[in-house]
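Heads up, target-v6.cif below (mmCIF, N, CA and C atoms):
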```
data_run
loop_
_atom_site.label_atom_id
_atom_site.label_comp_id
_atom_site.auth_asym_id
_atom_site.auth_seq_id
_atom_site.Cartn_x
_atom_site.Cartn_y
_atom_site.Cartn_z
N GLN A 1 36.99 99.06 182.11
CA GLN A 1 36.69 98.75 180.72
C GLN A 1 37.72 99.45 179.84
N VAL A 2 38.29 98.70 178.90
CA VAL A 2 39.31 99.25 178.03
C VAL A 2 38.66 100.03 176.89
N HIS A 3 39.07 101.26 176.72
CA HIS A 3 38.68 101.99 175.53
C HIS A 3 39.54 103.22 175.33
N LEU A 4 39.53 103.71 174.09
CA LEU A 4 40.23 104.93 173.69
C LEU A 4 39.19 105.91 173.19
N VAL A 5 39.31 107.16 173.62
CA VAL A 5 38.33 108.17 173.24
C VAL A 5 39.04 109.32 172.55
N GLU A 6 38.74 109.49 171.26
CA GLU A 6 39.33 110.58 170.49
C GLU A 6 38.43 111.81 170.57
N SER A 7 39.05 112.97 170.44
CA SER A 7 38.31 114.24 170.38
C SER A 7 39.15 115.26 169.62
N GLY A 8 38.51 116.37 169.28
CA GLY A 8 39.24 117.46 168.64
C GLY A 8 39.02 117.60 167.15
N GLY A 9 38.30 116.67 166.56
CA GLY A 9 38.03 116.79 165.13
C GLY A 9 37.06 117.92 164.84
N GLY A 10 36.90 118.23 163.56
CA GLY A 10 35.98 119.30 163.17
C GLY A 10 36.20 119.70 161.74
N VAL A 11 35.64 120.85 161.41
CA VAL A 11 35.76 121.41 160.07
C VAL A 11 36.70 122.61 160.14
N VAL A 12 37.66 122.66 159.24
CA VAL A 12 38.63 123.75 159.22
C VAL A 12 38.96 124.10 157.78
N GLN A 13 39.32 125.34 157.54
CA GLN A 13 39.69 125.75 156.19
C GLN A 13 41.11 125.30 155.87
N SER A 14 41.37 125.16 154.59
CA SER A 14 42.71 124.81 154.14
C SER A 14 43.73 125.79 154.71
N GLY A 15 44.84 125.24 155.22
CA GLY A 15 45.85 126.06 155.87
C GLY A 15 45.67 126.19 157.37
N GLY A 16 44.56 125.75 157.88
CA GLY A 16 44.27 125.86 159.30
C GLY A 16 44.89 124.74 160.12
N SER A 17 44.56 124.74 161.40
CA SER A 17 45.14 123.77 162.35
C SER A 17 44.05 123.13 163.20
N LEU A 18 44.34 121.93 163.63
CA LEU A 18 43.52 121.22 164.61
C LEU A 18 44.43 120.41 165.51
N ARG A 19 43.97 120.16 166.73
CA ARG A 19 44.70 119.30 167.65
C ARG A 19 43.77 118.17 168.10
N LEU A 20 44.14 116.97 167.76
CA LEU A 20 43.38 115.80 168.17
C LEU A 20 43.94 115.25 169.48
N SER A 21 43.04 114.72 170.30
CA SER A 21 43.44 114.07 171.55
C SER A 21 42.85 112.68 171.58
N CYS A 22 43.54 111.79 172.27
CA CYS A 22 43.04 110.42 172.45
C CYS A 22 43.39 110.01 173.88
N GLU A 23 42.36 109.83 174.69
CA GLU A 23 42.55 109.47 176.09
C GLU A 23 42.29 107.98 176.27
N ALA A 24 43.15 107.35 177.04
CA ALA A 24 43.07 105.90 177.25
C ALA A 24 42.46 105.57 178.60
N PHE A 25 41.69 104.49 178.62
CA PHE A 25 41.05 104.01 179.84
C PHE A 25 41.23 102.51 179.94
N GLY A 26 41.52 102.04 181.14
CA GLY A 26 41.43 100.61 181.41
C GLY A 26 42.66 99.78 181.11
N PHE A 27 43.79 100.41 180.76
CA PHE A 27 45.00 99.64 180.55
C PHE A 27 46.21 100.51 180.87
N ILE A 28 47.37 99.88 180.93
CA ILE A 28 48.59 100.62 181.26
C ILE A 28 49.07 101.35 180.03
N PHE A 29 48.79 102.64 179.97
CA PHE A 29 49.08 103.45 178.79
C PHE A 29 50.57 103.60 178.54
N SER A 30 51.34 103.74 179.61
CA SER A 30 52.74 104.13 179.48
C SER A 30 53.65 103.05 178.91
N ASP A 31 53.16 101.84 178.73
CA ASP A 31 54.02 100.81 178.14
C ASP A 31 53.57 100.45 176.72
N ARG A 32 52.74 101.31 176.13
CA ARG A 32 52.21 101.04 174.80
C ARG A 32 52.71 102.05 173.78
N VAL A 33 53.02 101.55 172.57
CA VAL A 33 53.18 102.43 171.43
C VAL A 33 51.80 102.96 171.06
N MET A 34 51.73 104.22 170.73
CA MET A 34 50.47 104.83 170.31
C MET A 34 50.62 105.37 168.89
N SER A 35 49.57 105.22 168.12
CA SER A 35 49.60 105.66 166.73
C SER A 35 48.30 106.36 166.37
N TRP A 36 48.40 107.20 165.37
CA TRP A 36 47.23 107.79 164.72
C TRP A 36 47.15 107.24 163.30
N TYR A 37 45.96 106.82 162.93
CA TYR A 37 45.65 106.38 161.58
C TYR A 37 44.54 107.27 161.04
N ARG A 38 44.33 107.21 159.74
CA ARG A 38 43.20 107.91 159.14
C ARG A 38 42.64 107.09 157.98
N GLN A 39 41.37 107.31 157.74
CA GLN A 39 40.71 106.63 156.64
C GLN A 39 39.79 107.60 155.93
N ALA A 40 40.11 107.85 154.68
CA ALA A 40 39.28 108.72 153.84
C ALA A 40 38.24 107.86 153.13
N PRO A 41 37.13 108.46 152.69
CA PRO A 41 36.09 107.69 151.99
C PRO A 41 36.65 106.95 150.78
N GLY A 42 36.36 105.66 150.70
CA GLY A 42 36.79 104.86 149.57
C GLY A 42 38.25 104.45 149.60
N LYS A 43 38.95 104.78 150.68
CA LYS A 43 40.37 104.45 150.77
C LYS A 43 40.64 103.55 151.97
N GLU A 44 41.78 102.91 151.97
CA GLU A 44 42.17 102.07 153.09
C GLU A 44 42.68 102.93 154.24
N ARG A 45 42.57 102.37 155.42
CA ARG A 45 43.11 103.07 156.59
C ARG A 45 44.64 103.10 156.48
N GLU A 46 45.20 104.28 156.79
CA GLU A 46 46.65 104.43 156.65
C GLU A 46 47.25 105.01 157.93
N LEU A 47 48.49 104.63 158.18
CA LEU A 47 49.22 105.14 159.33
C LEU A 47 49.63 106.59 159.09
N VAL A 48 49.37 107.44 160.07
CA VAL A 48 49.74 108.85 159.99
C VAL A 48 51.01 109.11 160.80
N ALA A 49 51.00 108.66 162.05
CA ALA A 49 52.14 108.91 162.93
C ALA A 49 52.11 107.93 164.09
N SER A 50 53.28 107.68 164.66
CA SER A 50 53.35 106.82 165.84
C SER A 50 54.39 107.37 166.80
N ILE A 51 54.25 106.97 168.08
CA ILE A 51 55.16 107.45 169.11
C ILE A 51 55.44 106.31 170.07
N SER A 52 56.69 106.18 170.47
CA SER A 52 57.08 105.10 171.38
C SER A 52 56.50 105.32 172.76
N SER A 53 56.64 104.31 173.61
CA SER A 53 55.95 104.33 174.90
C SER A 53 56.36 105.51 175.78
N ARG A 54 57.62 105.91 175.71
CA ARG A 54 58.08 107.03 176.52
C ARG A 54 58.21 108.32 175.72
N GLY A 55 57.84 108.26 174.44
CA GLY A 55 57.83 109.46 173.62
C GLY A 55 59.15 109.80 172.95
N GLY A 56 60.14 108.95 173.09
CA GLY A 56 61.45 109.29 172.56
C GLY A 56 61.61 109.09 171.07
N THR A 57 60.73 108.29 170.48
CA THR A 57 60.81 108.01 169.05
C THR A 57 59.47 108.26 168.40
N THR A 58 59.50 109.01 167.31
CA THR A 58 58.29 109.27 166.54
C THR A 58 58.53 108.93 165.07
N ASN A 59 57.46 108.59 164.39
CA ASN A 59 57.52 108.31 162.96
C ASN A 59 56.30 108.92 162.29
N TYR A 60 56.48 109.36 161.05
CA TYR A 60 55.41 110.03 160.33
C TYR A 60 55.31 109.51 158.90
N ALA A 61 54.11 109.52 158.39
CA ALA A 61 53.92 109.28 156.96
C ALA A 61 54.52 110.45 156.20
N ASP A 62 55.05 110.19 155.02
CA ASP A 62 55.67 111.25 154.24
C ASP A 62 54.71 112.39 153.96
N SER A 63 53.44 112.05 153.81
CA SER A 63 52.44 113.06 153.43
C SER A 63 52.17 114.08 154.54
N VAL A 64 52.58 113.78 155.77
CA VAL A 64 52.29 114.70 156.87
C VAL A 64 53.54 115.23 157.56
N LYS A 65 54.70 114.76 157.14
CA LYS A 65 55.95 115.22 157.76
C LYS A 65 56.05 116.73 157.66
N ASP A 66 56.55 117.33 158.71
CA ASP A 66 56.75 118.78 158.82
C ASP A 66 55.44 119.55 158.97
N ARG A 67 54.31 118.87 158.99
CA ARG A 67 53.02 119.54 159.23
C ARG A 67 52.34 119.02 160.50
N PHE A 68 52.48 117.73 160.79
CA PHE A 68 51.83 117.12 161.94
C PHE A 68 52.88 116.77 163.00
N THR A 69 52.46 116.83 164.25
CA THR A 69 53.33 116.44 165.36
C THR A 69 52.55 115.56 166.33
N ILE A 70 53.10 114.38 166.61
CA ILE A 70 52.51 113.48 167.59
C ILE A 70 53.24 113.66 168.92
N SER A 71 52.50 113.63 170.01
CA SER A 71 53.09 113.73 171.33
C SER A 71 52.21 112.96 172.32
N ARG A 72 52.73 112.78 173.52
CA ARG A 72 51.95 112.06 174.53
C ARG A 72 52.26 112.59 175.92
N ASP A 73 51.29 112.42 176.78
CA ASP A 73 51.43 112.76 178.20
C ASP A 73 51.03 111.51 178.97
N ASN A 74 52.00 110.76 179.44
CA ASN A 74 51.69 109.48 180.11
C ASN A 74 50.96 109.69 181.43
N ALA A 75 51.19 110.81 182.08
CA ALA A 75 50.48 111.08 183.33
C ALA A 75 48.98 111.28 183.08
N LYS A 76 48.65 111.82 181.92
CA LYS A 76 47.24 112.04 181.56
C LYS A 76 46.70 110.91 180.70
N LYS A 77 47.54 109.92 180.37
CA LYS A 77 47.13 108.79 179.54
C LYS A 77 46.51 109.29 178.23
N THR A 78 47.17 110.25 177.63
CA THR A 78 46.63 110.89 176.43
C THR A 78 47.72 111.04 175.38
N VAL A 79 47.34 110.79 174.12
CA VAL A 79 48.21 111.05 172.99
C VAL A 79 47.56 112.13 172.14
N TYR A 80 48.40 112.97 171.54
CA TYR A 80 47.92 114.11 170.78
C TYR A 80 48.43 114.05 169.35
N LEU A 81 47.70 114.72 168.47
CA LEU A 81 48.18 114.94 167.10
C LEU A 81 47.90 116.39 166.74
N GLN A 82 48.96 117.17 166.71
CA GLN A 82 48.85 118.56 166.28
C GLN A 82 48.98 118.60 164.77
N MET A 83 47.97 119.14 164.12
CA MET A 83 47.93 119.16 162.66
C MET A 83 47.91 120.61 162.19
N ASN A 84 48.95 121.00 161.48
CA ASN A 84 49.07 122.35 160.94
C ASN A 84 49.07 122.32 159.43
N SER A 85 48.86 123.46 158.84
CA SER A 85 48.86 123.59 157.37
C SER A 85 48.00 122.51 156.72
N LEU A 86 46.80 122.36 157.24
CA LEU A 86 45.92 121.30 156.76
C LEU A 86 45.52 121.52 155.30
N LYS A 87 45.37 120.39 154.61
CA LYS A 87 45.01 120.39 153.20
C LYS A 87 43.70 119.60 153.02
N PRO A 88 42.98 119.85 151.95
CA PRO A 88 41.75 119.08 151.71
C PRO A 88 41.99 117.57 151.70
N GLU A 89 43.16 117.15 151.24
CA GLU A 89 43.46 115.71 151.20
C GLU A 89 43.70 115.11 152.58
N ASP A 90 43.75 115.94 153.62
CA ASP A 90 43.83 115.43 154.99
C ASP A 90 42.45 115.05 155.53
N THR A 91 41.42 115.35 154.79
CA THR A 91 40.06 115.01 155.22
C THR A 91 39.91 113.51 155.38
N ALA A 92 39.49 113.08 156.56
CA ALA A 92 39.38 111.65 156.87
C ALA A 92 38.82 111.49 158.28
N VAL A 93 38.49 110.26 158.61
CA VAL A 93 38.24 109.92 160.01
C VAL A 93 39.58 109.50 160.61
N TYR A 94 39.92 110.10 161.73
CA TYR A 94 41.20 109.83 162.38
C TYR A 94 40.97 108.92 163.60
N TYR A 95 41.80 107.89 163.68
CA TYR A 95 41.68 106.90 164.75
C TYR A 95 42.98 106.81 165.53
N CYS A 96 42.89 106.62 166.82
CA CYS A 96 44.10 106.29 167.56
C CYS A 96 44.13 104.79 167.85
N LYS A 97 45.32 104.29 167.99
CA LYS A 97 45.55 102.86 168.17
C LYS A 97 46.61 102.66 169.24
N SER A 98 46.37 101.70 170.10
CA SER A 98 47.33 101.33 171.12
C SER A 98 47.83 99.92 170.81
N HIS A 99 49.13 99.75 170.78
CA HIS A 99 49.64 98.44 170.45
C HIS A 99 51.00 98.20 171.09
N GLN A 100 51.30 96.93 171.32
CA GLN A 100 52.58 96.50 171.84
C GLN A 100 52.68 95.01 171.58
N ILE A 101 53.85 94.56 171.23
CA ILE A 101 54.05 93.14 170.91
C ILE A 101 53.58 92.29 172.08
N GLY A 102 52.75 91.30 171.75
CA GLY A 102 52.27 90.38 172.77
C GLY A 102 51.08 90.86 173.57
N ARG A 103 50.60 92.07 173.25
CA ARG A 103 49.46 92.64 173.98
C ARG A 103 48.30 92.87 173.00
N PRO A 104 47.06 92.95 173.50
CA PRO A 104 45.92 93.23 172.62
C PRO A 104 46.05 94.61 171.97
N VAL A 105 45.49 94.72 170.80
CA VAL A 105 45.45 95.99 170.10
C VAL A 105 44.12 96.68 170.38
N TYR A 106 44.17 97.96 170.68
CA TYR A 106 42.94 98.72 170.94
C TYR A 106 42.84 99.87 169.94
N TRP A 107 41.60 100.11 169.50
CA TRP A 107 41.31 101.23 168.59
C TRP A 107 40.26 102.13 169.23
N GLY A 108 40.37 103.41 168.91
CA GLY A 108 39.33 104.34 169.29
C GLY A 108 38.20 104.31 168.27
N GLN A 109 37.17 105.12 168.53
CA GLN A 109 35.98 105.12 167.67
C GLN A 109 36.14 106.05 166.47
N GLY A 110 37.14 106.90 166.50
CA GLY A 110 37.40 107.80 165.38
C GLY A 110 36.81 109.18 165.58
N THR A 111 37.46 110.16 164.97
CA THR A 111 36.96 111.54 164.98
C THR A 111 37.11 112.11 163.57
N GLN A 112 36.09 112.79 163.09
CA GLN A 112 36.08 113.28 161.72
C GLN A 112 36.84 114.60 161.61
N VAL A 113 37.72 114.66 160.62
CA VAL A 113 38.42 115.90 160.27
C VAL A 113 38.05 116.24 158.83
N THR A 114 37.53 117.44 158.64
CA THR A 114 37.16 117.89 157.30
C THR A 114 37.87 119.20 157.01
N VAL A 115 38.61 119.23 155.91
CA VAL A 115 39.35 120.42 155.52
C VAL A 115 38.73 120.95 154.23
N SER A 116 38.21 122.16 154.30
CA SER A 116 37.56 122.75 153.13
C SER A 116 38.56 123.60 152.36
N SER A 117 38.39 123.61 151.05
CA SER A 117 39.32 124.37 150.19
C SER A 117 38.87 125.80 150.01
#
```

Give the structure from the file, written as structure tokens.
Amino acid sequence: QVHLVESGGGVVQSGGSLRLSCEAFGFIFSDRVMSWYRQAPGKERELVASISSRGGTTNYADSVKDRFTISRDNAKKTVYLQMNSLKPEDTAVYYCKSHQIGRPVYWGQGTQVTVSS
């Protein structure tokens, strides 16, 4: 059965850090681009970061550059998002997404990140 399972969310004070994980099941992880998105209350879902299938290329939203790092371990079928210097405006539900041209798109169920000021 195909699914993505996120973990690592929680409540953290402003300036703190969290590491999100997203483990993949039921498909070939190593040939997929993986991305993290987030959705804050009342806002549209937005792209946070993405990483190519072998990890050689990464992209970040301007709002998280130099604070967040996306990485992946294809042997563990897991993608990570290291989040440092967190701000209250980073509060959102974070989702991982698996995608590749010509293949189905998969989303995880989301994990809540709350940053208190």

Fill in: Which of segment 4-107 of chain A fall in helix (DSSP H, G or I), as a ChimeraX atom specification
/A:29-31,88-90

Discussion item. Please expand the PyMOL selection byres (((chain A and resi 53-61 and name CA) around 12) and name CA) into the concrete residues it hits in this file, giving the result as number ranges by chain.
Written reply: A: 28-38, 46-52, 62-75, 77-81, 90, 98-100

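With atom N of Phe25 of chain A on one side and atom N of Glu6 of chain A on the other, the separation reads 9.4 Å.
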
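Taking all atoms listed in the file into account, Ala92 of chain A lies nearest to A:Gln39 out of the set A:Ser117, A:Pro104, A:Val12, A:Gln39.
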
Worksheet entry | Explicit residues for the PyMOL selection byres (((chain A and resi 84 and name CA) around 7) and name CA) (as a ChimeraX atom specification) | /A:16-18,67-68,82-83,85-86

Keeping N, CA and C atoms, export the residues of the selection given above as a compact mmCIF listing (two decimals), in the coordinates of the input.
```
# COMPACT_ATOMS: atom_id res chain seq x y z
N GLY A 16 44.56 125.75 157.88
CA GLY A 16 44.27 125.86 159.30
C GLY A 16 44.89 124.74 160.12
N SER A 17 44.56 124.74 161.40
CA SER A 17 45.14 123.77 162.35
C SER A 17 44.05 123.13 163.20
N LEU A 18 44.34 121.93 163.63
CA LEU A 18 43.52 121.22 164.61
C LEU A 18 44.43 120.41 165.51
N ARG A 67 54.31 118.87 158.99
CA ARG A 67 53.02 119.54 159.23
C ARG A 67 52.34 119.02 160.50
N PHE A 68 52.48 117.73 160.79
CA PHE A 68 51.83 117.12 161.94
C PHE A 68 52.88 116.77 163.00
N GLN A 82 48.96 117.17 166.71
CA GLN A 82 48.85 118.56 166.28
C GLN A 82 48.98 118.60 164.77
N MET A 83 47.97 119.14 164.12
CA MET A 83 47.93 119.16 162.66
C MET A 83 47.91 120.61 162.19
N SER A 85 48.86 123.46 158.84
CA SER A 85 48.86 123.59 157.37
C SER A 85 48.00 122.51 156.72
N LEU A 86 46.80 122.36 157.24
CA LEU A 86 45.92 121.30 156.76
C LEU A 86 45.52 121.52 155.30
```

Worksheet item: Mind checking DSSP for chain A and telling me the strand (DSSP E) residues as a ChimeraX atom specification?
Response: /A:3-7,10-13,18-25,33-39,46-51,58-60,68-73,78-83,92-99,106-107,111-116

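We find atom C of Lys76 of chain A and atom C of Glu89 of chain A to be spaced 28.6 Å apart.
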
Practice prompt. Identify which of the residues A:Gly10, A:Lys43, A:His3, A:Gly26 lies closest to Thr111 of chain A, counting only C-alpha atoms when measuring atom-to-atom distances.
Written response: A:Gly10

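In this structure, atom N of Lys87 of chain A sits 12.5 Å away from atom C of Gln112 of chain A.
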
Worksheet entry | Pick from A:Ala24, A:Gln1, A:Gln13, A:Tyr94, whichever lies nearest to Ala40 of chain A using all atoms listed in the file | A:Tyr94
